[in-house]
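Heads up, start08.txt below (compact mmCIF, C-alpha atoms):
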```
# COMPACT_ATOMS: atom_id res chain seq x y z
CA MET A 1 -32.75 20.14 -83.66
CA THR A 2 -29.91 18.05 -82.32
CA LEU A 3 -27.82 18.20 -79.19
CA HIS A 4 -24.44 19.08 -80.59
CA ARG A 5 -21.44 18.57 -78.32
CA PRO A 6 -19.31 21.53 -79.56
CA ALA A 7 -22.39 23.75 -79.14
CA PHE A 8 -22.81 22.51 -75.56
CA ALA A 9 -19.14 23.31 -74.88
CA ALA A 10 -19.52 26.74 -76.50
CA GLY A 11 -22.53 27.45 -74.25
CA ALA A 12 -20.62 26.35 -71.17
CA ARG A 13 -17.70 28.63 -72.13
CA ALA A 14 -19.99 31.59 -72.87
CA SER A 15 -21.47 31.30 -69.36
CA VAL A 16 -18.11 31.78 -67.60
CA PRO A 17 -18.36 35.59 -67.23
CA VAL A 18 -21.79 35.35 -65.57
CA LEU A 19 -20.62 32.58 -63.23
CA LEU A 20 -18.61 35.23 -61.41
CA GLY A 21 -21.93 36.80 -60.48
CA VAL A 22 -23.81 33.52 -59.93
CA ALA A 23 -21.34 32.18 -57.35
CA PRO A 24 -21.46 35.03 -54.78
CA PHE A 25 -25.25 35.30 -55.13
CA GLY A 26 -25.63 31.53 -54.57
CA LEU A 27 -23.40 31.75 -51.52
CA ILE A 28 -25.54 34.56 -50.06
CA THR A 29 -28.74 32.65 -50.80
CA GLY A 30 -27.44 29.60 -48.89
CA VAL A 31 -26.38 31.75 -45.94
CA ALA A 32 -29.70 33.65 -45.92
CA MET A 33 -31.84 30.50 -45.95
CA VAL A 34 -29.98 28.90 -43.05
CA ALA A 35 -29.94 32.21 -41.16
CA SER A 36 -33.77 32.33 -41.42
CA GLY A 37 -33.98 28.99 -39.62
CA ILE A 38 -34.40 26.56 -42.53
CA ALA A 39 -32.57 23.26 -41.89
CA PRO A 40 -29.45 22.86 -44.11
CA LEU A 41 -30.77 19.78 -45.96
CA VAL A 42 -34.19 21.38 -46.58
CA ALA A 43 -32.45 24.53 -47.86
CA MET A 44 -30.41 22.43 -50.30
CA LEU A 45 -33.49 20.48 -51.43
CA MET A 46 -35.32 23.79 -51.98
CA SER A 47 -32.40 25.11 -54.00
CA ILE A 48 -32.53 22.08 -56.31
CA VAL A 49 -36.33 21.87 -56.65
CA VAL A 50 -37.22 25.58 -56.78
CA PHE A 51 -33.89 26.86 -58.23
CA ALA A 52 -34.75 30.59 -57.99
CA GLY A 53 -32.50 32.62 -55.70
CA ALA A 54 -34.40 35.88 -55.19
CA SER A 55 -37.66 34.13 -54.33
CA MET A 56 -35.88 31.75 -51.92
CA VAL A 57 -34.22 34.60 -49.99
CA ALA A 58 -37.56 36.46 -49.80
CA SER A 59 -39.50 33.32 -48.79
CA ALA A 60 -36.98 32.40 -46.12
CA GLN A 61 -37.45 35.85 -44.56
CA LEU A 62 -41.26 35.58 -44.81
CA LEU A 63 -41.27 32.07 -43.28
CA ALA A 64 -39.05 33.26 -40.44
CA SER A 65 -41.72 35.87 -39.59
CA ASP A 66 -44.53 33.24 -39.58
CA THR A 67 -46.18 34.35 -42.83
CA PRO A 68 -48.97 31.99 -44.00
CA ALA A 69 -47.82 29.52 -46.68
CA LEU A 70 -50.28 30.92 -49.24
CA MET A 71 -48.74 34.39 -48.94
CA VAL A 72 -45.23 33.00 -49.32
CA VAL A 73 -46.34 31.26 -52.52
CA LEU A 74 -47.96 34.48 -53.77
CA ALA A 75 -44.74 36.46 -53.18
CA THR A 76 -42.85 33.72 -55.07
CA LEU A 77 -45.31 33.97 -57.95
CA PHE A 78 -44.63 37.68 -58.45
CA ILE A 79 -40.88 37.53 -57.91
CA ASN A 80 -40.63 34.69 -60.46
CA LEU A 81 -43.16 36.09 -62.94
CA ARG A 82 -40.22 37.06 -65.16
CA PHE A 83 -39.61 33.35 -65.86
CA MET A 84 -42.90 33.39 -67.76
CA MET A 85 -41.50 36.10 -70.01
CA TYR A 86 -38.34 34.04 -70.58
CA SER A 87 -40.53 31.00 -71.29
CA ALA A 88 -42.49 32.94 -73.93
CA SER A 89 -39.27 34.18 -75.50
CA LEU A 90 -37.50 30.80 -75.46
CA ARG A 91 -40.53 29.23 -77.12
CA LEU A 92 -39.61 31.15 -80.27
CA HIS A 93 -36.34 29.18 -80.36
CA PHE A 94 -37.30 25.78 -78.94
CA ALA A 95 -40.95 25.25 -79.96
CA HIS A 96 -39.90 22.34 -82.18
CA ALA A 97 -37.71 20.55 -79.66
CA SER A 98 -39.15 17.35 -78.16
CA LEU A 99 -41.34 17.63 -75.07
CA GLY A 100 -38.58 16.10 -72.95
CA TRP A 101 -36.06 18.74 -74.00
CA ARG A 102 -38.59 21.52 -73.50
CA LEU A 103 -39.17 20.31 -69.92
CA VAL A 104 -35.38 20.46 -69.34
CA VAL A 105 -35.12 23.91 -71.00
CA ALA A 106 -37.91 25.11 -68.66
CA TYR A 107 -36.18 23.79 -65.53
CA LEU A 108 -32.89 25.52 -66.42
CA ILE A 109 -34.47 28.96 -67.05
CA ALA A 110 -32.57 31.61 -65.07
CA ASP A 111 -31.92 35.33 -65.63
CA ASN A 112 -28.29 34.78 -66.55
CA VAL A 113 -28.85 31.76 -68.80
CA TYR A 114 -31.51 33.66 -70.72
CA GLY A 115 -29.12 36.59 -71.10
CA VAL A 116 -26.30 34.37 -72.42
CA LEU A 117 -28.61 32.73 -74.98
CA LEU A 118 -29.95 36.09 -76.12
CA SER A 119 -26.49 37.46 -76.91
CA ARG A 120 -25.70 34.24 -78.81
CA VAL A 121 -28.89 34.50 -80.86
CA ALA A 122 -28.06 38.14 -81.64
CA GLU A 123 -24.76 36.98 -83.16
CA HIS A 124 -25.99 33.79 -84.86
CA PRO A 125 -29.74 34.23 -85.51
CA ASP A 126 -30.30 30.98 -87.40
CA SER A 127 -28.01 28.63 -85.54
CA ARG A 128 -29.24 25.02 -85.53
CA TYR A 129 -27.24 24.41 -82.39
CA LYS A 130 -29.13 26.76 -80.06
CA LEU A 131 -30.43 23.88 -77.92
CA GLY A 132 -26.95 22.51 -77.24
CA PHE A 133 -25.66 26.02 -76.55
CA TYR A 134 -28.52 26.79 -74.14
CA LEU A 135 -28.09 23.49 -72.29
CA GLY A 136 -24.32 24.03 -71.99
CA ALA A 137 -24.83 27.45 -70.42
CA GLY A 138 -27.78 26.23 -68.32
CA VAL A 139 -26.03 23.17 -66.87
CA MET A 140 -22.92 25.21 -66.06
CA VAL A 141 -24.89 27.95 -64.27
CA TRP A 142 -26.99 25.31 -62.46
CA ALA A 143 -23.95 23.38 -61.21
CA VAL A 144 -22.05 26.47 -60.03
CA TRP A 145 -25.22 27.82 -58.40
CA GLN A 146 -25.86 24.59 -56.45
CA ALA A 147 -22.21 24.36 -55.36
CA ALA A 148 -22.33 27.97 -54.18
CA VAL A 149 -25.61 27.46 -52.27
CA ALA A 150 -24.15 24.32 -50.66
CA ALA A 151 -21.09 26.30 -49.59
CA GLY A 152 -23.34 29.04 -48.18
CA VAL A 153 -25.49 26.50 -46.31
CA LEU A 154 -22.37 24.88 -44.82
CA VAL A 155 -20.73 28.16 -43.84
CA GLY A 156 -24.10 29.45 -42.59
CA ALA A 157 -23.78 31.93 -39.79
CA GLY A 158 -20.02 31.31 -39.75
CA MET A 159 -19.53 33.95 -42.46
CA PRO A 160 -17.77 36.96 -40.91
CA ALA A 161 -20.41 39.71 -40.73
CA ALA A 162 -17.68 42.32 -41.24
CA TRP A 163 -17.35 41.22 -44.88
CA ARG A 164 -20.91 42.46 -45.46
CA LEU A 165 -21.37 39.86 -48.19
CA GLU A 166 -25.15 40.08 -47.72
CA PHE A 167 -24.93 43.18 -49.92
CA ALA A 168 -23.87 40.97 -52.87
CA ALA A 169 -27.52 39.89 -53.34
CA PRO A 170 -28.92 43.37 -54.22
CA LEU A 171 -25.74 44.04 -56.22
CA ALA A 172 -26.37 40.90 -58.30
CA PHE A 173 -29.88 42.22 -59.08
CA ILE A 174 -28.51 45.66 -60.00
CA ALA A 175 -26.09 43.89 -62.37
CA MET A 176 -29.00 42.01 -63.97
CA SER A 177 -31.56 44.82 -64.21
CA VAL A 178 -29.60 47.97 -65.14
CA PRO A 179 -28.28 46.59 -68.48
CA LEU A 180 -31.90 45.80 -69.49
CA ILE A 181 -32.62 49.53 -69.72
CA ARG A 182 -31.99 50.31 -73.37
CA ASP A 183 -34.96 52.50 -74.28
CA ARG A 184 -37.29 54.95 -72.58
CA ALA A 185 -40.13 52.43 -72.10
CA MET A 186 -37.79 50.09 -70.20
CA LEU A 187 -36.50 53.05 -68.16
CA ALA A 188 -40.10 54.03 -67.36
CA ALA A 189 -40.88 50.46 -66.24
CA ALA A 190 -37.84 50.31 -63.93
CA LEU A 191 -38.38 53.82 -62.49
CA ALA A 192 -42.08 53.25 -61.84
CA ALA A 193 -41.37 49.90 -60.18
CA GLY A 194 -38.60 51.42 -58.05
CA ILE A 195 -40.75 54.37 -56.91
CA THR A 196 -43.76 52.13 -56.21
CA VAL A 197 -41.77 49.68 -54.13
CA ILE A 198 -40.46 52.56 -51.98
CA LEU A 199 -43.91 54.12 -51.51
CA ALA A 200 -45.43 50.71 -50.69
CA HIS A 201 -42.63 49.36 -48.53
CA GLY A 202 -44.78 49.53 -45.39
CA LEU A 203 -47.37 47.08 -46.75
CA PRO A 204 -47.32 43.59 -45.22
CA LEU A 205 -46.49 40.30 -47.01
CA ARG A 206 -44.26 41.93 -49.63
CA LEU A 207 -47.34 43.24 -51.42
CA SER A 208 -45.03 46.03 -52.62
CA ILE A 209 -43.55 43.59 -55.19
CA PRO A 210 -46.80 42.78 -57.05
CA LEU A 211 -47.78 46.47 -56.94
CA ALA A 212 -44.38 47.47 -58.34
CA ALA A 213 -44.68 44.82 -61.08
CA ILE A 214 -48.08 46.16 -62.13
CA THR A 215 -47.10 49.86 -62.20
CA GLY A 216 -43.82 48.97 -63.94
CA ILE A 217 -45.57 47.03 -66.72
CA ALA A 218 -48.22 49.74 -67.13
CA SER A 219 -45.55 52.47 -67.37
CA GLY A 220 -43.53 50.47 -69.89
CA LEU A 221 -46.59 50.02 -72.10
CA THR A 222 -47.51 53.71 -71.74
CA PHE A 223 -44.08 54.98 -72.81
CA GLU A 224 -43.65 52.60 -75.76
CA ARG A 225 -43.09 54.29 -79.12
CA ARG A 226 -46.08 53.21 -81.12
CA PRO A 227 -45.62 52.80 -84.87
CA ARG A 228 -47.66 55.36 -86.80
CA MET B 18 -46.09 21.87 -41.82
CA SER B 19 -46.41 25.42 -43.08
CA LEU B 20 -42.82 25.16 -44.34
CA TRP B 21 -43.56 22.10 -46.49
CA LEU B 22 -46.78 23.60 -47.79
CA ALA B 23 -44.94 26.78 -48.80
CA PHE B 24 -42.13 24.69 -50.27
CA ALA B 25 -44.50 22.62 -52.43
CA GLY B 26 -46.36 25.72 -53.56
CA MET B 27 -43.14 27.54 -54.46
CA ALA B 28 -41.90 24.57 -56.46
CA LEU B 29 -45.18 24.20 -58.40
CA VAL B 30 -45.59 27.93 -59.08
CA THR B 31 -41.97 28.42 -60.16
CA TYR B 32 -41.83 25.42 -62.49
CA GLY B 33 -45.29 26.30 -63.81
CA LEU B 34 -44.08 29.80 -64.78
CA ARG B 35 -40.95 28.39 -66.42
CA ALA B 36 -42.82 25.72 -68.37
CA SER B 37 -45.89 27.85 -69.26
CA PHE B 38 -45.17 28.98 -72.81
CA LEU B 39 -42.67 26.23 -73.61
CA LEU B 40 -45.42 23.63 -73.26
CA LEU B 41 -47.90 25.33 -75.61
CA PRO B 42 -48.26 23.52 -78.96
CA PRO B 43 -46.25 25.20 -81.78
CA GLY B 44 -49.39 26.47 -83.57
CA ILE B 45 -50.60 28.77 -80.79
CA GLU B 46 -49.65 32.45 -80.97
CA THR B 47 -48.93 34.49 -77.83
CA PRO B 48 -51.47 37.36 -77.64
CA PRO B 49 -49.55 40.52 -78.73
CA LEU B 50 -50.56 42.61 -75.69
CA LEU B 51 -49.42 39.85 -73.32
CA ARG B 52 -46.11 39.58 -75.15
CA ARG B 53 -45.61 43.36 -74.95
CA ALA B 54 -46.53 43.42 -71.26
CA LEU B 55 -44.23 40.50 -70.38
CA ARG B 56 -41.29 42.36 -71.93
CA TYR B 57 -41.30 44.77 -68.96
CA VAL B 58 -41.55 42.16 -66.21
CA PRO B 59 -37.80 41.52 -65.67
CA ALA B 60 -36.87 45.24 -65.51
CA ALA B 61 -39.80 46.00 -63.17
CA VAL B 62 -39.49 43.01 -60.84
CA LEU B 63 -35.68 42.90 -60.61
CA THR B 64 -35.64 46.64 -59.81
CA ALA B 65 -38.36 46.18 -57.17
CA ILE B 66 -36.19 43.52 -55.51
CA TRP B 67 -33.04 45.61 -55.06
CA VAL B 68 -34.39 49.13 -54.45
CA PRO B 69 -35.64 48.45 -50.87
CA GLU B 70 -32.29 46.84 -50.02
CA LEU B 71 -30.62 50.22 -50.61
CA VAL B 72 -33.08 52.62 -49.01
CA VAL B 73 -35.12 50.74 -46.37
CA GLN B 74 -33.43 49.96 -43.05
CA LYS B 75 -35.46 48.23 -40.31
CA GLU B 76 -38.76 49.15 -42.04
CA VAL B 77 -37.77 52.85 -42.22
CA LEU B 78 -36.99 54.76 -45.41
CA VAL B 79 -33.45 56.24 -45.27
CA LEU B 80 -32.81 58.66 -48.13
CA SER B 81 -29.71 60.47 -46.90
CA LEU B 82 -26.06 60.79 -47.86
CA GLU B 83 -25.18 59.02 -44.63
CA ASN B 84 -26.75 55.81 -45.93
CA GLU B 85 -23.69 53.92 -47.19
CA ARG B 86 -25.81 51.23 -48.88
CA LEU B 87 -27.48 53.90 -51.01
CA LEU B 88 -24.12 55.44 -51.97
CA ALA B 89 -22.55 52.05 -52.75
CA GLY B 90 -25.65 51.12 -54.75
CA ALA B 91 -25.28 54.31 -56.81
CA VAL B 92 -21.68 53.34 -57.62
CA ALA B 93 -22.83 49.83 -58.64
CA ILE B 94 -25.62 51.25 -60.84
CA ALA B 95 -23.10 53.48 -62.65
CA VAL B 96 -20.70 50.54 -63.12
CA ALA B 97 -23.48 48.23 -64.34
CA TRP B 98 -24.65 50.91 -66.76
CA ARG B 99 -21.17 51.55 -68.18
CA TRP B 100 -19.63 48.04 -68.28
CA ARG B 101 -22.62 45.65 -68.06
CA LEU B 102 -20.51 43.04 -66.28
CA THR B 103 -22.00 41.20 -63.28
CA PHE B 104 -18.77 40.47 -61.48
CA VAL B 105 -17.34 43.98 -61.88
CA THR B 106 -20.62 45.42 -60.60
CA ILE B 107 -20.64 43.22 -57.47
CA ILE B 108 -16.97 43.83 -56.65
CA SER B 109 -17.19 47.60 -57.14
CA GLY B 110 -20.42 47.74 -55.08
CA LEU B 111 -18.89 45.77 -52.19
CA GLY B 112 -15.70 47.84 -52.40
CA ALA B 113 -17.74 51.07 -52.37
CA LEU B 114 -19.76 49.83 -49.36
CA HIS B 115 -16.59 49.26 -47.34
CA PHE B 116 -15.15 52.58 -48.53
CA PHE B 117 -18.22 54.64 -47.53
CA ASP B 118 -18.48 52.68 -44.28
CA TRP B 119 -14.91 53.71 -43.48
CA LEU B 120 -15.44 57.30 -44.68
CA LEU B 121 -18.68 58.04 -42.80
```

Using structure tokens, write down the structure from this file.
Amino acid sequence: MTLHRPAFAAGARASVPVLLGVAPFGLITGVAMVASGIAPLVAMLMSIVVFAGASMVASAQLLASDTPALMVVLATLFINLRFMMYSASLRLHFAHASLGWRLVVAYLIADNVYGVLLSRVAEHPDSRYKLGFYLGAGVMVWAVWQAAVAAGVLVGAGMPAAWRLEFAAPLAFIAMSVPLIRDRAMLAAALAAGITVILAHGLPLRLSIPLAAITGIASGLTFERRPR
Amino acid sequence: MSLWLAFAGMALVTYGLRASFLLLPPGIETPPLLRRALRYVPAAVLTAIWVPELVVQKEVLVLSLENERLLAGAVAIAVAWRWRLTFVTIISGLGALHFFDWLL
């Protein structure tokens, strides 16, 4: 597997539509972290090292309410559990890449990048240039994300509240999750998770998220069409 | 101190999840049940992240037609379902939020 420059460029181009969702979400993440009392430079460092928006917004809120570090890490584990699924799926495509490239592929895993690669693989199943394509999309999403977070951190509380841009974060997650629902098992997983998280919303430490993950997975498995 | 501890833990856990399967040697197979179960994680977890943002306000469940976040969210869900485009979903959801805010 080689890193092919046209493939890298093709990946970067294919990521453009999702960048329009990445940028506002990054902006909101930057604003949310600073608003929860995290110093601007620490917020930026976190964005580069952790690079996972939903978990950073949730953790910033938990830290602001003096949650113990262990519980913040546990919430992060469940919110980011989906990266493990992407890792298992990407392994099918990149198992034979060098260790160095696999470490880079792992770092760049994000919901949108995975989605872009999946649609490419659906069109060109046997492409030799998947690695270049993935890295092109991944680097592009990473760079736009970091620029957007930096802008959010700088603007901070200066963002006019009347714009209600904080609502862009849940909207970005709606945009990512709704298109995943293509069969009844996936619908069952999403519905069960949604109902569980509402019923459990009063629990402390965001325990509603792990509970919702468990009931969602169990429902998905239950409603799968088994081959006979 | 607690901040740095949480920070280090988040970094380790998140990179660990990303690297997990990519670092396994090529010969090892993912157990089939685990692979099936992992398939549902994104739909379940992503949904669990946004649902409370629409229906929980200040720790209280608000399931009424006067909740403009719920109405705007419903518009965004319909748009995401029909067009599957991130940007269009975000813009229509924000537009709907301002519309319902003005209407109610």

Separation of atom CA of Val49 of chain A from atom CA of Asp66 of chain A, in Å and rounded to one decimal: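 Computed distance, atom CA of Val49 of chain A to atom CA of Asp66 of chain A, equals 22.1 Å.
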
Select residues of chain A: the criterion is any atom within 7 Å of an atom of chain B, counting all atoms listed in the file; output as a ChimeraX atom specification. /A:18,20-21,49-50,69-70,72-73,76-77,79-85,87-88,91,95-96,102-103,106-107,109,167-168,170-175,177-180,186,189-190,193-194,197-198,202,209,212-213,216-217,220-221

Let me make sure I understand: among A:Phe133, A:Met140, A:Val153, A:Arg120, which one has the smallest atom-to-atom distance to Ala10 of chain A if we use all atoms listed in the file?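 Looking at the shortest contact to Ala10 of chain A, the residue is A:Phe133.
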
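Here the question is which of A:Thr67, A:Phe78, A:Gly136, A:Gly156 gets nearest to Ile214 of chain A using all atoms listed in the file, and that residue is A:Phe78.
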
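For the atom pair formed by atom CA of Leu205 of chain A and atom CA of Ala218 of chain A, the distance is 22.3 Å, given to one decimal.
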
Between atom CA of Asp183 of chain A and atom CA of Ser55 of chain A, what distance in Å does the model show, to one decimal?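 The value is 27.3 Å.
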
Model the absent atoms of segment 161-188 of chain A so that N, CA and C atoms are present, and write the result as a PDB file, keeping the file's coordinate frame.
```pdb
ATOM      1  N   ALA A 161     -19.457  38.649 -40.396  1.00  0.00           N
ATOM      2  CA  ALA A 161     -20.410  39.710 -40.730  1.00  0.00           C
ATOM      3  C   ALA A 161     -19.695  40.945 -41.247  1.00  0.00           C
ATOM      4  N   ALA A 162     -18.430  41.128 -40.839  1.00  0.00           N
ATOM      5  CA  ALA A 162     -17.680  42.320 -41.240  1.00  0.00           C
ATOM      6  C   ALA A 162     -17.449  42.371 -42.749  1.00  0.00           C
ATOM      7  N   TRP A 163     -17.523  41.220 -43.429  1.00  0.00           N
ATOM      8  CA  TRP A 163     -17.350  41.220 -44.880  1.00  0.00           C
ATOM      9  C   TRP A 163     -18.536  41.862 -45.587  1.00  0.00           C
ATOM     10  N   ARG A 164     -19.668  41.877 -44.924  1.00  0.00           N
ATOM     11  CA  ARG A 164     -20.910  42.460 -45.460  1.00  0.00           C
ATOM     12  C   ARG A 164     -21.286  41.844 -46.804  1.00  0.00           C
ATOM     13  N   LEU A 165     -21.069  40.529 -46.923  1.00  0.00           N
ATOM     14  CA  LEU A 165     -21.370  39.860 -48.190  1.00  0.00           C
ATOM     15  C   LEU A 165     -22.858  39.823 -48.492  1.00  0.00           C
ATOM     16  N   GLU A 166     -23.706  40.076 -47.460  1.00  0.00           N
ATOM     17  CA  GLU A 166     -25.150  40.080 -47.720  1.00  0.00           C
ATOM     18  C   GLU A 166     -25.525  41.124 -48.776  1.00  0.00           C
ATOM     19  N   PHE A 167     -24.660  42.118 -48.939  1.00  0.00           N
ATOM     20  CA  PHE A 167     -24.930  43.180 -49.920  1.00  0.00           C
ATOM     21  C   PHE A 167     -24.710  42.675 -51.361  1.00  0.00           C
ATOM     22  N   ALA A 168     -24.084  41.518 -51.513  1.00  0.00           N
ATOM     23  CA  ALA A 168     -23.870  40.970 -52.870  1.00  0.00           C
ATOM     24  C   ALA A 168     -25.188  40.604 -53.536  1.00  0.00           C
ATOM     25  N   ALA A 169     -26.231  40.278 -52.742  1.00  0.00           N
ATOM     26  CA  ALA A 169     -27.520  39.890 -53.340  1.00  0.00           C
ATOM     27  C   ALA A 169     -28.161  41.064 -54.086  1.00  0.00           C
ATOM     28  N   PRO A 170     -28.398  42.241 -53.428  1.00  0.00           N
ATOM     29  CA  PRO A 170     -28.920  43.370 -54.220  1.00  0.00           C
ATOM     30  C   PRO A 170     -27.992  43.774 -55.359  1.00  0.00           C
ATOM     31  N   LEU A 171     -26.679  43.668 -55.153  1.00  0.00           N
ATOM     32  CA  LEU A 171     -25.740  44.040 -56.220  1.00  0.00           C
ATOM     33  C   LEU A 171     -25.916  43.129 -57.435  1.00  0.00           C
ATOM     34  N   ALA A 172     -26.157  41.834 -57.187  1.00  0.00           N
ATOM     35  CA  ALA A 172     -26.370  40.900 -58.300  1.00  0.00           C
ATOM     36  C   ALA A 172     -27.615  41.314 -59.090  1.00  0.00           C
ATOM     37  N   PHE A 173     -28.656  41.805 -58.375  1.00  0.00           N
ATOM     38  CA  PHE A 173     -29.880  42.220 -59.080  1.00  0.00           C
ATOM     39  C   PHE A 173     -29.677  43.538 -59.817  1.00  0.00           C
ATOM     40  N   ILE A 174     -28.848  44.425 -59.266  1.00  0.00           N
ATOM     41  CA  ILE A 174     -28.510  45.660 -60.000  1.00  0.00           C
ATOM     42  C   ILE A 174     -27.807  45.266 -61.299  1.00  0.00           C
ATOM     43  N   ALA A 175     -26.862  44.320 -61.194  1.00  0.00           N
ATOM     44  CA  ALA A 175     -26.090  43.890 -62.370  1.00  0.00           C
ATOM     45  C   ALA A 175     -26.993  43.271 -63.433  1.00  0.00           C
ATOM     46  N   MET A 176     -28.098  42.637 -63.005  1.00  0.00           N
ATOM     47  CA  MET A 176     -29.000  42.010 -63.970  1.00  0.00           C
ATOM     48  C   MET A 176     -29.996  43.003 -64.558  1.00  0.00           C
ATOM     49  N   SER A 177     -30.458  43.970 -63.740  1.00  0.00           N
ATOM     50  CA  SER A 177     -31.560  44.820 -64.210  1.00  0.00           C
ATOM     51  C   SER A 177     -31.088  46.065 -64.956  1.00  0.00           C
ATOM     52  N   VAL A 178     -30.004  46.701 -64.510  1.00  0.00           N
ATOM     53  CA  VAL A 178     -29.600  47.970 -65.140  1.00  0.00           C
ATOM     54  C   VAL A 178     -29.291  47.801 -66.637  1.00  0.00           C
ATOM     55  N   PRO A 179     -28.559  46.737 -67.044  1.00  0.00           N
ATOM     56  CA  PRO A 179     -28.280  46.590 -68.480  1.00  0.00           C
ATOM     57  C   PRO A 179     -29.533  46.340 -69.333  1.00  0.00           C
ATOM     58  N   LEU A 180     -30.674  46.008 -68.704  1.00  0.00           N
ATOM     59  CA  LEU A 180     -31.900  45.800 -69.490  1.00  0.00           C
ATOM     60  C   LEU A 180     -32.457  47.113 -70.014  1.00  0.00           C
ATOM     61  N   ILE A 181     -32.031  48.240 -69.399  1.00  0.00           N
ATOM     62  CA  ILE A 181     -32.620  49.530 -69.720  1.00  0.00           C
ATOM     63  C   ILE A 181     -31.935  50.102 -70.961  1.00  0.00           C
ATOM     64  N   ARG A 182     -32.570  49.871 -72.108  1.00  0.00           N
ATOM     65  CA  ARG A 182     -31.990  50.310 -73.370  1.00  0.00           C
ATOM     66  C   ARG A 182     -32.890  51.278 -74.118  1.00  0.00           C
ATOM     67  N   ASP A 183     -34.099  51.509 -73.642  1.00  0.00           N
ATOM     68  CA  ASP A 183     -34.960  52.500 -74.280  1.00  0.00           C
ATOM     69  C   ASP A 183     -35.833  53.145 -73.202  1.00  0.00           C
ATOM     70  N   ARG A 184     -36.598  54.173 -73.611  1.00  0.00           N
ATOM     71  CA  ARG A 184     -37.290  54.950 -72.580  1.00  0.00           C
ATOM     72  C   ARG A 184     -38.430  54.165 -71.940  1.00  0.00           C
ATOM     73  N   ALA A 185     -39.044  53.229 -72.678  1.00  0.00           N
ATOM     74  CA  ALA A 185     -40.130  52.430 -72.100  1.00  0.00           C
ATOM     75  C   ALA A 185     -39.576  51.553 -70.975  1.00  0.00           C
ATOM     76  N   MET A 186     -38.398  50.952 -71.206  1.00  0.00           N
ATOM     77  CA  MET A 186     -37.790  50.090 -70.200  1.00  0.00           C
ATOM     78  C   MET A 186     -37.377  50.920 -68.985  1.00  0.00           C
ATOM     79  N   LEU A 187     -36.871  52.138 -69.250  1.00  0.00           N
ATOM     80  CA  LEU A 187     -36.500  53.050 -68.160  1.00  0.00           C
ATOM     81  C   LEU A 187     -37.744  53.411 -67.346  1.00  0.00           C
ATOM     82  N   ALA A 188     -38.857  53.691 -68.056  1.00  0.00           N
ATOM     83  CA  ALA A 188     -40.100  54.030 -67.360  1.00  0.00           C
ATOM     84  C   ALA A 188     -40.557  52.870 -66.482  1.00  0.00           C
TER      85      ALA A 188
END
```
